[in-house]
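Q: As input, take model-v2.pdb (PDB, C-alpha atoms and all ligand atoms):
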```pdb
ATOM      1  CA  MET A   1      26.216   3.688 -14.290  1.00  0.00           C
ATOM      2  CA  THR A   2      24.630   5.287 -11.202  1.00  0.00           C
ATOM      3  CA  LEU A   3      22.126   3.340  -9.109  1.00  0.00           C
ATOM      4  CA  THR A   4      20.071   4.564  -6.158  1.00  0.00           C
ATOM      5  CA  LEU A   5      17.838   2.089  -4.364  1.00  0.00           C
ATOM      6  CA  HIS A   6      14.909   3.566  -2.424  1.00  0.00           C
ATOM      7  CA  LEU A   7      14.076   1.099   0.327  1.00  0.00           C
ATOM      8  CA  ALA A   8      12.704   0.573   3.818  1.00  0.00           C
ATOM      9  CA  SER A   9      13.997  -1.937   6.326  1.00  0.00           C
ATOM     10  CA  GLY A  10      12.534  -5.428   6.270  1.00  0.00           C
ATOM     11  CA  THR A  11      10.407  -4.787   3.173  1.00  0.00           C
ATOM     12  CA  ILE A  12      10.441  -6.511  -0.207  1.00  0.00           C
ATOM     13  CA  ALA A  13      13.142  -4.027  -1.173  1.00  0.00           C
ATOM     14  CA  MET A  14      15.506  -6.292   0.780  1.00  0.00           C
ATOM     15  CA  CYS A  15      15.762  -8.833  -2.036  1.00  0.00           C
ATOM     16  CA  VAL A  16      16.670  -6.129  -4.542  1.00  0.00           C
ATOM     17  CA  HIS A  17      19.254  -4.809  -2.115  1.00  0.00           C
ATOM     18  CA  ALA A  18      20.592  -8.370  -1.711  1.00  0.00           C
ATOM     19  CA  ALA A  19      20.746  -8.866  -5.500  1.00  0.00           C
ATOM     20  CA  LEU A  20      22.757  -5.647  -5.892  1.00  0.00           C
ATOM     21  CA  GLU A  21      25.172  -6.812  -3.172  1.00  0.00           C
ATOM     22  CA  GLU A  22      25.369 -10.371  -4.477  1.00  0.00           C
ATOM     23  CA  THR A  23      26.209  -9.261  -8.032  1.00  0.00           C
ATOM     24  CA  GLY A  24      28.582  -6.492  -6.934  1.00  0.00           C
ATOM     25  CA  LEU A  25      26.697  -3.644  -8.645  1.00  0.00           C
ATOM     26  CA  ALA A  26      27.733  -0.373  -6.974  1.00  0.00           C
ATOM     27  CA  HIS A  27      24.739   1.496  -5.576  1.00  0.00           C
ATOM     28  CA  ASP A  28      23.593   4.174  -3.149  1.00  0.00           C
ATOM     29  CA  LEU A  29      20.792   3.660  -0.645  1.00  0.00           C
ATOM     30  CA  ALA A  30      17.950   6.134   0.010  1.00  0.00           C
ATOM     31  CA  TRP A  31      16.041   4.934   3.084  1.00  0.00           C
ATOM     32  CA  VAL A  32      12.326   5.800   3.144  1.00  0.00           C
ATOM     33  CA  ASP A  33      11.071   6.385   6.700  1.00  0.00           C
ATOM     34  CA  PHE A  34       7.883   4.281   6.891  1.00  0.00           C
ATOM     35  CA  GLY A  35       7.522   5.205  10.591  1.00  0.00           C
ATOM     36  CA  ALA A  36       7.007   8.815   9.520  1.00  0.00           C
ATOM     37  CA  GLY A  37       4.818   7.821   6.553  1.00  0.00           C
ATOM     38  CA  ALA A  38       7.406   9.169   4.119  1.00  0.00           C
ATOM     39  CA  GLN A  39       6.197   6.765   1.398  1.00  0.00           C
ATOM     40  CA  THR A  40       2.924   8.739   1.259  1.00  0.00           C
ATOM     41  CA  GLN A  41       4.523  12.179   1.125  1.00  0.00           C
ATOM     42  CA  ALA A  42       5.362  14.382  -1.830  1.00  0.00           C
ATOM     43  CA  PRO A  43       9.154  13.964  -1.959  1.00  0.00           C
ATOM     44  CA  TYR A  44       8.902  10.170  -2.233  1.00  0.00           C
ATOM     45  CA  LEU A  45       5.784  10.229  -4.415  1.00  0.00           C
ATOM     46  CA  ALA A  46       7.855  12.253  -6.882  1.00  0.00           C
ATOM     47  CA  VAL A  47      10.139   9.204  -7.115  1.00  0.00           C
ATOM     48  CA  ASN A  48       7.412   6.532  -7.098  1.00  0.00           C
ATOM     49  CA  PRO A  49       3.812   7.774  -7.406  1.00  0.00           C
ATOM     50  CA  LYS A  50       2.648   4.327  -6.220  1.00  0.00           C
ATOM     51  CA  GLY A  51       4.010   5.090  -2.749  1.00  0.00           C
ATOM     52  CA  ARG A  52       5.783   1.751  -2.435  1.00  0.00           C
ATOM     53  CA  VAL A  53       9.317   0.466  -2.194  1.00  0.00           C
ATOM     54  CA  PRO A  54      11.494  -0.670  -3.873  1.00  0.00           C
ATOM     55  CA  ALA A  55      12.276   1.931  -6.495  1.00  0.00           C
ATOM     56  CA  LEU A  56      15.609   1.834  -8.283  1.00  0.00           C
ATOM     57  CA  VAL A  57      16.882   4.907 -10.093  1.00  0.00           C
ATOM     58  CA  ILE A  58      19.037   3.699 -12.981  1.00  0.00           C
ATOM     59  CA  ASP A  59      21.018   6.528 -14.575  1.00  0.00           C
ATOM     60  CA  GLY A  60      18.122   8.869 -13.782  1.00  0.00           C
ATOM     61  CA  THR A  61      15.287   6.526 -14.837  1.00  0.00           C
ATOM     62  CA  VAL A  62      13.040   5.213 -12.055  1.00  0.00           C
ATOM     63  CA  VAL A  63      12.089   1.535 -12.257  1.00  0.00           C
ATOM     64  CA  THR A  64       9.734  -0.076  -9.731  1.00  0.00           C
ATOM     65  CA  GLU A  65       8.287  -3.553  -8.988  1.00  0.00           C
ATOM     66  CA  ALA A  66      10.641  -6.008  -7.350  1.00  0.00           C
ATOM     67  CA  PRO A  67      10.409  -8.744 -10.048  1.00  0.00           C
ATOM     68  CA  ALA A  68      11.283  -6.252 -12.799  1.00  0.00           C
ATOM     69  CA  LEU A  69      14.242  -4.989 -10.801  1.00  0.00           C
ATOM     70  CA  MET A  70      15.487  -8.501 -10.103  1.00  0.00           C
ATOM     71  CA  ASP A  71      15.218  -9.303 -13.807  1.00  0.00           C
ATOM     72  CA  TRP A  72      17.116  -6.122 -14.718  1.00  0.00           C
ATOM     73  CA  ILE A  73      19.925  -6.862 -12.256  1.00  0.00           C
ATOM     74  CA  ALA A  74      20.267 -10.384 -13.665  1.00  0.00           C
ATOM     75  CA  ALA A  75      20.244  -9.191 -17.287  1.00  0.00           C
ATOM     76  CA  THR A  76      22.724  -6.394 -16.606  1.00  0.00           C
ATOM     77  CA  THR A  77      25.245  -8.527 -14.746  1.00  0.00           C
ATOM     78  CA  GLY A  78      24.763 -11.869 -16.488  1.00  0.00           C
ATOM     79  CA  GLN A  79      24.348 -13.409 -13.029  1.00  0.00           C
ATOM     80  CA  LEU A  80      21.507 -14.985 -11.033  1.00  0.00           C
ATOM     81  CA  MET A  81      19.408 -16.112 -14.016  1.00  0.00           C
ATOM     82  CA  PRO A  82      19.756 -19.468 -15.813  1.00  0.00           C
ATOM     83  CA  GLY A  83      20.690 -19.307 -19.472  1.00  0.00           C
ATOM     84  CA  ASP A  84      18.239 -22.051 -20.380  1.00  0.00           C
ATOM     85  CA  PRO A  85      14.881 -20.428 -21.315  1.00  0.00           C
ATOM     86  CA  LEU A  86      12.812 -23.063 -19.528  1.00  0.00           C
ATOM     87  CA  ALA A  87      14.785 -22.757 -16.295  1.00  0.00           C
ATOM     88  CA  ALA A  88      14.600 -18.951 -16.604  1.00  0.00           C
ATOM     89  CA  ALA A  89      10.824 -19.191 -17.001  1.00  0.00           C
ATOM     90  CA  ARG A  90      10.700 -21.253 -13.801  1.00  0.00           C
ATOM     91  CA  VAL A  91      12.683 -18.554 -11.981  1.00  0.00           C
ATOM     92  CA  ARG A  92      10.233 -15.888 -13.206  1.00  0.00           C
ATOM     93  CA  GLU A  93       7.303 -18.170 -12.374  1.00  0.00           C
ATOM     94  CA  MET A  94       8.513 -18.257  -8.773  1.00  0.00           C
ATOM     95  CA  MET A  95       8.964 -14.477  -8.609  1.00  0.00           C
ATOM     96  CA  GLY A  96       5.495 -13.970 -10.103  1.00  0.00           C
ATOM     97  CA  TYR A  97       3.959 -16.232  -7.457  1.00  0.00           C
ATOM     98  CA  LEU A  98       5.846 -14.546  -4.642  1.00  0.00           C
ATOM     99  CA  SER A  99       4.868 -11.044  -5.737  1.00  0.00           C
ATOM    100  CA  SER A 100       1.272 -11.636  -6.786  1.00  0.00           C
ATOM    101  CA  THR A 101       0.161 -14.168  -4.176  1.00  0.00           C
ATOM    102  CA  VAL A 102       2.479 -14.583  -1.186  1.00  0.00           C
ATOM    103  CA  HIS A 103       3.320 -10.889  -0.774  1.00  0.00           C
ATOM    104  CA  VAL A 104      -0.347  -9.954  -1.101  1.00  0.00           C
ATOM    105  CA  ASN A 105      -1.369 -12.534   1.530  1.00  0.00           C
ATOM    106  CA  HIS A 106       1.258 -11.078   3.865  1.00  0.00           C
ATOM    107  CA  ALA A 107       0.017  -7.534   3.242  1.00  0.00           C
ATOM    108  CA  HIS A 108      -3.396  -8.431   4.636  1.00  0.00           C
ATOM    109  CA  LYS A 109      -1.825  -8.305   8.116  1.00  0.00           C
ATOM    110  CA  MET A 110      -0.737  -4.643   8.170  1.00  0.00           C
ATOM    111  CA  ARG A 111      -2.359  -3.155   5.089  1.00  0.00           C
ATOM    112  CA  GLY A 112      -5.982  -4.318   5.183  1.00  0.00           C
ATOM    113  CA  HIS A 113      -7.030  -0.702   4.669  1.00  0.00           C
ATOM    114  CA  ARG A 114      -6.068  -1.121   1.008  1.00  0.00           C
ATOM    115  CA  TRP A 115      -9.040  -3.447   0.517  1.00  0.00           C
ATOM    116  CA  THR A 116     -11.665  -2.211   2.969  1.00  0.00           C
ATOM    117  CA  ASP A 117     -12.403   0.733   5.272  1.00  0.00           C
ATOM    118  CA  ASP A 118     -14.408  -1.505   7.598  1.00  0.00           C
ATOM    119  CA  ALA A 119     -12.429  -2.208  10.806  1.00  0.00           C
ATOM    120  CA  GLY A 120     -14.188  -5.554  11.309  1.00  0.00           C
ATOM    121  CA  ALA A 121     -13.405  -6.625   7.769  1.00  0.00           C
ATOM    122  CA  GLN A 122      -9.766  -5.597   8.257  1.00  0.00           C
ATOM    123  CA  ALA A 123      -9.642  -7.790  11.374  1.00  0.00           C
ATOM    124  CA  ALA A 124     -11.113 -10.654   9.326  1.00  0.00           C
ATOM    125  CA  LEU A 125      -8.373 -10.184   6.699  1.00  0.00           C
ATOM    126  CA  ARG A 126      -5.731 -10.226   9.462  1.00  0.00           C
ATOM    127  CA  ALA A 127      -7.233 -13.397  10.898  1.00  0.00           C
ATOM    128  CA  LYS A 128      -6.675 -15.211   7.563  1.00  0.00           C
ATOM    129  CA  VAL A 129      -2.973 -14.355   7.270  1.00  0.00           C
ATOM    130  CA  THR A 130      -1.557 -17.371   9.123  1.00  0.00           C
ATOM    131  CA  ALA A 131      -3.742 -19.819   7.178  1.00  0.00           C
ATOM    132  CA  ASN A 132      -3.011 -18.209   3.816  1.00  0.00           C
ATOM    133  CA  MET A 133       0.726 -17.946   4.425  1.00  0.00           C
ATOM    134  CA  THR A 134       0.794 -21.551   5.679  1.00  0.00           C
ATOM    135  CA  ASP A 135      -0.908 -22.651   2.442  1.00  0.00           C
ATOM    136  CA  CYS A 136       1.820 -20.819   0.517  1.00  0.00           C
ATOM    137  CA  ALA A 137       4.516 -22.472   2.662  1.00  0.00           C
ATOM    138  CA  GLU A 138       3.026 -25.868   1.851  1.00  0.00           C
ATOM    139  CA  TYR A 139       3.223 -25.196  -1.874  1.00  0.00           C
ATOM    140  CA  LEU A 140       6.765 -23.809  -1.588  1.00  0.00           C
ATOM    141  CA  GLU A 141       7.885 -26.802   0.463  1.00  0.00           C
ATOM    142  CA  SER A 142       6.664 -29.120  -2.304  1.00  0.00           C
ATOM    143  CA  ARG A 143       8.221 -26.948  -5.037  1.00  0.00           C
ATOM    144  CA  LEU A 144      11.726 -26.906  -3.503  1.00  0.00           C
ATOM    145  CA  GLN A 145      13.562 -30.063  -4.503  1.00  0.00           C
ATOM    146  CA  GLY A 146      17.237 -29.084  -4.303  1.00  0.00           C
ATOM    147  CA  ASP A 147      19.312 -26.389  -2.667  1.00  0.00           C
ATOM    148  CA  PHE A 148      17.890 -23.639  -4.877  1.00  0.00           C
ATOM    149  CA  VAL A 149      14.689 -22.798  -6.759  1.00  0.00           C
ATOM    150  CA  GLU A 150      16.460 -23.955  -9.909  1.00  0.00           C
ATOM    151  CA  ALA A 151      19.807 -25.783 -10.205  1.00  0.00           C
ATOM    152  CA  GLU A 152      21.920 -22.732  -9.290  1.00  0.00           C
ATOM    153  CA  LEU A 153      21.411 -19.641  -7.152  1.00  0.00           C
ATOM    154  CA  SER A 154      19.108 -17.176  -8.915  1.00  0.00           C
ATOM    155  CA  VAL A 155      17.184 -13.994  -8.184  1.00  0.00           C
ATOM    156  CA  ALA A 156      14.217 -16.203  -7.202  1.00  0.00           C
ATOM    157  CA  ASP A 157      16.202 -17.535  -4.223  1.00  0.00           C
ATOM    158  CA  LEU A 158      16.826 -14.031  -2.920  1.00  0.00           C
ATOM    159  CA  TYR A 159      13.140 -13.188  -3.412  1.00  0.00           C
ATOM    160  CA  LEU A 160      12.083 -16.367  -1.602  1.00  0.00           C
ATOM    161  CA  TRP A 161      14.483 -15.624   1.268  1.00  0.00           C
ATOM    162  CA  ASN A 162      12.908 -12.168   1.653  1.00  0.00           C
ATOM    163  CA  VAL A 163       9.384 -13.597   1.832  1.00  0.00           C
ATOM    164  CA  THR A 164      10.192 -16.536   4.118  1.00  0.00           C
ATOM    165  CA  ARG A 165      11.782 -14.008   6.473  1.00  0.00           C
ATOM    166  CA  TRP A 166       8.237 -12.716   7.078  1.00  0.00           C
ATOM    167  CA  MET A 167       6.691 -16.130   7.704  1.00  0.00           C
ATOM    168  CA  PRO A 168       7.435 -16.666  11.425  1.00  0.00           C
ATOM    169  CA  GLY A 169       5.914 -13.231  12.167  1.00  0.00           C
ATOM    170  CA  ASP A 170       2.885 -14.228  10.107  1.00  0.00           C
ATOM    171  CA  GLY A 171       2.370 -17.250  12.344  1.00  0.00           C
ATOM    172  CA  VAL A 172       3.757 -19.921   9.994  1.00  0.00           C
ATOM    173  CA  ALA A 173       5.216 -22.869  11.933  1.00  0.00           C
ATOM    174  CA  MET A 174       8.507 -23.158  10.061  1.00  0.00           C
ATOM    175  CA  ASP A 175       9.319 -26.466  11.808  1.00  0.00           C
ATOM    176  CA  ASP A 176       6.620 -27.992   9.588  1.00  0.00           C
ATOM    177  CA  PHE A 177       8.539 -26.902   6.457  1.00  0.00           C
ATOM    178  CA  PRO A 178      12.103 -28.217   6.766  1.00  0.00           C
ATOM    179  CA  ARG A 179      13.093 -27.686   3.112  1.00  0.00           C
ATOM    180  CA  LEU A 180      11.803 -24.116   3.153  1.00  0.00           C
ATOM    181  CA  ARG A 181      13.574 -23.337   6.411  1.00  0.00           C
ATOM    182  CA  ALA A 182      16.827 -24.906   5.200  1.00  0.00           C
ATOM    183  CA  HIS A 183      16.560 -22.844   1.997  1.00  0.00           C
ATOM    184  CA  HIS A 184      16.036 -19.688   4.035  1.00  0.00           C
ATOM    185  CA  ASP A 185      19.048 -20.439   6.241  1.00  0.00           C
ATOM    186  CA  ARG A 186      21.205 -21.318   3.214  1.00  0.00           C
ATOM    187  CA  ILE A 187      20.503 -17.965   1.561  1.00  0.00           C
ATOM    188  CA  ALA A 188      20.754 -16.025   4.827  1.00  0.00           C
ATOM    189  CA  ALA A 189      24.246 -17.489   5.360  1.00  0.00           C
ATOM    190  CA  ARG A 190      25.608 -15.924   2.168  1.00  0.00           C
ATOM    191  CA  PRO A 191      28.011 -13.068   2.999  1.00  0.00           C
ATOM    192  CA  ALA A 192      26.264 -10.544   0.724  1.00  0.00           C
ATOM    193  CA  VAL A 193      22.869 -11.391   2.204  1.00  0.00           C
ATOM    194  CA  GLY A 194      24.322 -11.138   5.715  1.00  0.00           C
ATOM    195  CA  ARG A 195      25.605  -7.626   4.980  1.00  0.00           C
ATOM    196  CA  VAL A 196      22.133  -6.592   3.814  1.00  0.00           C
ATOM    197  CA  THR A 197      20.438  -8.160   6.840  1.00  0.00           C
ATOM    198  CA  THR A 198      22.794  -6.352   9.224  1.00  0.00           C
ATOM    199  CA  LEU A 199      21.993  -3.013   7.608  1.00  0.00           C
ATOM    200  CA  HIS A 200      18.221  -3.592   7.747  1.00  0.00           C
ATOM    201  CA  GLU A 201      18.182  -4.947  11.284  1.00  0.00           C
ATOM    202  CA  GLY A 202      20.340  -2.034  12.455  1.00  0.00           C
ATOM    203  CA  ARG A 203      17.650   0.491  11.563  1.00  0.00           C
TER     204      ARG A 203
HETATM  205  N1  LIG B   1       4.203  -4.789  -6.345  1.00  0.00           N
HETATM  206  C1  LIG B   1       5.233  -4.097  -5.580  1.00  0.00           C
HETATM  207  C2  LIG B   1       4.809  -4.064  -4.114  1.00  0.00           C
HETATM  208  C3  LIG B   1       5.734  -3.235  -3.285  1.00  0.00           C
HETATM  209  C4  LIG B   1       5.172  -3.062  -1.878  1.00  0.00           C
HETATM  210  O1  LIG B   1       3.974  -3.248  -1.611  1.00  0.00           O
HETATM  211  N2  LIG B   1       6.054  -2.674  -0.968  1.00  0.00           N
HETATM  212  C5  LIG B   1       5.617  -2.416   0.388  1.00  0.00           C
HETATM  213  C6  LIG B   1       6.703  -2.842   1.380  1.00  0.00           C
HETATM  214  S1  LIG B   1       6.915  -4.592   1.452  1.00  0.00           S
HETATM  215  C7  LIG B   1       5.374  -0.943   0.570  1.00  0.00           C
HETATM  216  O2  LIG B   1       6.080  -0.142  -0.010  1.00  0.00           O
HETATM  217  N3  LIG B   1       4.397  -0.568   1.390  1.00  0.00           N
HETATM  218  C8  LIG B   1       4.139   0.795   1.718  1.00  0.00           C
HETATM  219  C9  LIG B   1       2.702   1.051   2.043  1.00  0.00           C
HETATM  220  O3  LIG B   1       1.856   0.178   1.859  1.00  0.00           O
HETATM  221  O4  LIG B   1       2.434   2.172   2.510  1.00  0.00           O
HETATM  222  C10 LIG B   1       6.581  -4.782  -5.762  1.00  0.00           C
HETATM  223  O5  LIG B   1       6.598  -6.003  -5.901  1.00  0.00           O
HETATM  224  O6  LIG B   1       7.616  -4.110  -5.771  1.00  0.00           O
END
```
Please lay out the structure from this file as structure tokens.
Ligand SMILES: N[C@@H](CCC(=O)N[C@@H](CS)C(=O)NCC(=O)O)C(=O)O

A:
Amino acid sequence: MTLTLHLASGTIAMCVHAALEETGLAHDLAWVDFGAGAQTQAPYLAVNPKGRVPALVIDGTVVTEAPALMDWIAATTGQLMPGDPLAAARVREMMGYLSSTVHVNHAHKMRGHRWTDDAGAQAALRAKVTANMTDCAEYLESRLQGDFVEAELSVADLYLWNVTRWMPGDGVAMDDFPRLRAHHDRIAARPAVGRVTTLHEGR
């Protein structure tokens, strides 16, 4: 099997990268230069017409959307997903929330132009980011009861780690969310996740 992950540093592609590392799936990396706007240019749009990362090329087939990729990695390796259908649904529930709500709230900081051309309205969207992300942190703090999202490490933990990594920069006071911060630190301390972080922070 050949795998190429298209990614940019610090983005939601990090959790997919971490899942590949954690499960030991061999892969190549194709960094997309966001500083140069490469995600909006023809060579990358030929990979992913949505102009977003991550995209994973699996034996020549492009698959996008972080939750789908996390699910695929879990199904392919038999790792990072509970066998019990109810627990698995709870893992996917978490990934759905993170992708559809938390990630979108975060995007209002840098990507307000997706929703409005009005500069004042974009500033108003930015001004809501800390409050919205803090609301999400409150929910997540209440949802986390043990060391992991479910009983064992799953793809949802890597996804949550990726998103909580953004929270201090979004103005969330992590001291107010001790379970969430401890979860973040627990995942960050994993050797595979550390290798990914070093690569992203080195760029
Ligand atoms: N729904 C997509 C969202 C991916 C996404 O928005 N990625 C951001 C980085 S975190 C991106 O590529 N942004 C590029 C841009 O907005 O130009 C997923 O979950 O994979």

Q: Quote the spacing between CA of Gly24 in chain A and CA of Arg165 in chain A in Å to one decimal place.

A: 22.8 Å

Q: When the PyMOL selection byres (((not hetatm)) within 7 of (chain B and resi 1)) is applied to the structure above, which residues does it catch, written out as a PyMOL selection string?

A: chain A and resi 11-13+39-40+51-54+64-67+99+111

Q: Which residues come within 9 Å of range 86-95 of chain A, counting all atoms listed in the file, excluding same-chain residues fewer than 4 positions away, as a PyMOL selection string?

A: chain A and resi 66-67+70-71+81-82+99-100+149-151+154-157+159-160

Q: Written as a ChimeraX atom specification, which residues does the PyMOL selection byres (((chain A and resi 1-4) around 12) and not hetatm) give for the file shown?

A: /A:5-7,16-17,20,24-31,47,54-64,69,73,76

Q: For the selection just defined, write its residues with C-alpha atoms to a file, as a PDB file, keeping the file's coordinate frame.

A:
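Listing of result-v9.pdb after writing:
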```
ATOM      1  CA  LEU A   5      17.838   2.089  -4.364  1.00  0.00           C
ATOM      2  CA  HIS A   6      14.909   3.566  -2.424  1.00  0.00           C
ATOM      3  CA  LEU A   7      14.076   1.099   0.327  1.00  0.00           C
ATOM      4  CA  VAL A  16      16.670  -6.129  -4.542  1.00  0.00           C
ATOM      5  CA  HIS A  17      19.254  -4.809  -2.115  1.00  0.00           C
ATOM      6  CA  LEU A  20      22.757  -5.647  -5.892  1.00  0.00           C
ATOM      7  CA  GLY A  24      28.582  -6.492  -6.934  1.00  0.00           C
ATOM      8  CA  LEU A  25      26.697  -3.644  -8.645  1.00  0.00           C
ATOM      9  CA  ALA A  26      27.733  -0.373  -6.974  1.00  0.00           C
ATOM     10  CA  HIS A  27      24.739   1.496  -5.576  1.00  0.00           C
ATOM     11  CA  ASP A  28      23.593   4.174  -3.149  1.00  0.00           C
ATOM     12  CA  LEU A  29      20.792   3.660  -0.645  1.00  0.00           C
ATOM     13  CA  ALA A  30      17.950   6.134   0.010  1.00  0.00           C
ATOM     14  CA  TRP A  31      16.041   4.934   3.084  1.00  0.00           C
ATOM     15  CA  VAL A  47      10.139   9.204  -7.115  1.00  0.00           C
ATOM     16  CA  PRO A  54      11.494  -0.670  -3.873  1.00  0.00           C
ATOM     17  CA  ALA A  55      12.276   1.931  -6.495  1.00  0.00           C
ATOM     18  CA  LEU A  56      15.609   1.834  -8.283  1.00  0.00           C
ATOM     19  CA  VAL A  57      16.882   4.907 -10.093  1.00  0.00           C
ATOM     20  CA  ILE A  58      19.037   3.699 -12.981  1.00  0.00           C
ATOM     21  CA  ASP A  59      21.018   6.528 -14.575  1.00  0.00           C
ATOM     22  CA  GLY A  60      18.122   8.869 -13.782  1.00  0.00           C
ATOM     23  CA  THR A  61      15.287   6.526 -14.837  1.00  0.00           C
ATOM     24  CA  VAL A  62      13.040   5.213 -12.055  1.00  0.00           C
ATOM     25  CA  VAL A  63      12.089   1.535 -12.257  1.00  0.00           C
ATOM     26  CA  THR A  64       9.734  -0.076  -9.731  1.00  0.00           C
ATOM     27  CA  LEU A  69      14.242  -4.989 -10.801  1.00  0.00           C
ATOM     28  CA  ILE A  73      19.925  -6.862 -12.256  1.00  0.00           C
ATOM     29  CA  THR A  76      22.724  -6.394 -16.606  1.00  0.00           C
TER      30      THR A  76
END
```

Q: Put the listed atoms of range 159-172 of chain A in a box along x, y and z with 6 Å added on every side and give me the centre and edge lengths in Å to one decimal, as lines of an AutoDock Vina configuration file.

A:
```
center_x = 8.4
center_y = -16.0
center_z = 4.5
size_x = 24.1
size_y = 19.8
size_z = 27.8
```

Q: What separation in Å, quoted to one decimal, exists between CA of Arg203 in chain A and CA of Gly10 in chain A?

A: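 Separating CA of Arg203 in chain A from CA of Gly10 in chain A is a distance of 9.4 Å.
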
Q: So how far away is CA of Val32 in chain A from CA of Asp117 in chain A, in Å?

A: 25.3 Å

Q: What would the selection look like, as a list in words, if the PyMOL selection byres (((chain A and resi 125) around 12) and not hetatm) were run on the coordinates I just shared?

A: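 When the PyMOL selection byres (((chain A and resi 125) around 12) and not hetatm) is applied to the shown file, the picked residues are Val104, Asn105, His106, Ala107, His108, Lys109, Met110, Arg111, Gly112, His113, Arg114, Trp115, Thr116, Asp117, Asp118, Ala119, Gly120, Ala121, Gln122, Ala123, Ala124, Arg126, Ala127, Lys128, Val129, Thr130, Ala131 and Asn132 of chain A.
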
Q: For a quick check of understanding, using all atoms listed in the file, which of A:Asp147, A:Asp84, A:Asp170, A:Glu22 has the smallest distance to His183 in chain A?

A: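 Closest candidate: A:Asp147.
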
Q: Find the residues with any atom within 9 Å of (15.5, -23.9, 2.2); use all atoms listed in the file and the coordinates as given in the file, and write the answer as a list in words.

A: Glu141, Leu144, Gly146, Asp147, Phe148, Trp161, Phe177, Pro178, Arg179, Leu180, Arg181, Ala182, His183, His184, Asp185, Arg186 and Ile187 of chain A

Q: Counting only C-alpha atoms, figure out which residue out of A:Leu80, A:Asp175, A:Thr164, A:Leu158 gets nearest to Ala18 in chain A.

A: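 That would be A:Leu158, the residue with the smallest distance to Ala18 in chain A.
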
Q: Give the answer as one residue: which of A:Ala19, A:Met174, A:Leu140, A:Ala68 has the shortest atom-to-atom distance to Val193 in chain A, using all atoms listed in the file?

A: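 Nearest to Val193 in chain A: A:Ala19.
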
Q: Counting all atoms listed in the file, which residue out of A:Met133, A:Ala42, A:Met14, A:Leu98 sits closest to Ala173 in chain A?

A: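 With all atoms listed in the file as the atom set, the closest residue is A:Met133.
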
Q: For each of A:Asn162, A:Glu201, A:Asp176, A:Ala46, take the minimum atom-to-atom distance to Cys15 in chain A, counting all atoms listed in the file, then give the residue where this is smallest.

A: A:Asn162

Q: Grab range 57-92 of chain A from that structure and dump C-alpha atoms to a file, as a short mmCIF file (atom, residue, chain, number, x, y, z; two decimals), in the first residue's frame.

A:
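Result went into decode13.cif, see below:
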```cif
data_model
loop_
_atom_site.label_atom_id
_atom_site.label_comp_id
_atom_site.auth_asym_id
_atom_site.auth_seq_id
_atom_site.Cartn_x
_atom_site.Cartn_y
_atom_site.Cartn_z
CA VAL A 57 -3.70 9.52 -1.38
CA ILE A 58 -4.33 5.82 -0.81
CA ASP A 59 -2.94 3.67 -3.62
CA GLY A 60 -3.73 6.49 -6.04
CA THR A 61 -7.20 7.36 -4.67
CA VAL A 62 -7.55 10.74 -2.94
CA VAL A 63 -9.59 10.78 0.27
CA THR A 64 -10.28 14.01 2.18
CA GLU A 65 -12.03 15.10 5.41
CA ALA A 66 -10.17 14.39 8.62
CA PRO A 67 -12.91 12.25 10.28
CA ALA A 68 -13.13 9.97 7.23
CA LEU A 69 -9.36 9.57 7.18
CA MET A 70 -9.23 8.80 10.89
CA ASP A 71 -11.96 6.20 10.42
CA TRP A 72 -10.08 4.64 7.48
CA ILE A 73 -6.82 4.43 9.43
CA ALA A 74 -8.62 2.74 12.33
CA ALA A 75 -10.45 0.28 10.06
CA THR A 76 -7.32 -0.56 8.08
CA THR A 77 -5.09 -1.18 11.09
CA GLY A 78 -7.63 -2.53 13.58
CA GLN A 79 -6.33 0.06 16.04
CA LEU A 80 -7.68 3.24 17.66
CA MET A 81 -11.38 2.36 17.42
CA PRO A 82 -13.37 0.41 20.04
CA GLY A 83 -14.88 -2.86 18.88
CA ASP A 84 -18.12 -2.19 20.74
CA PRO A 85 -20.54 -0.39 18.36
CA LEU A 86 -21.82 1.98 21.04
CA ALA A 87 -18.33 3.02 22.11
CA ALA A 88 -17.37 3.40 18.43
CA ALA A 89 -20.39 5.64 17.89
CA ARG A 90 -19.22 7.79 20.81
CA VAL A 91 -15.78 8.09 19.20
CA ARG A 92 -17.38 9.20 15.91
#
```
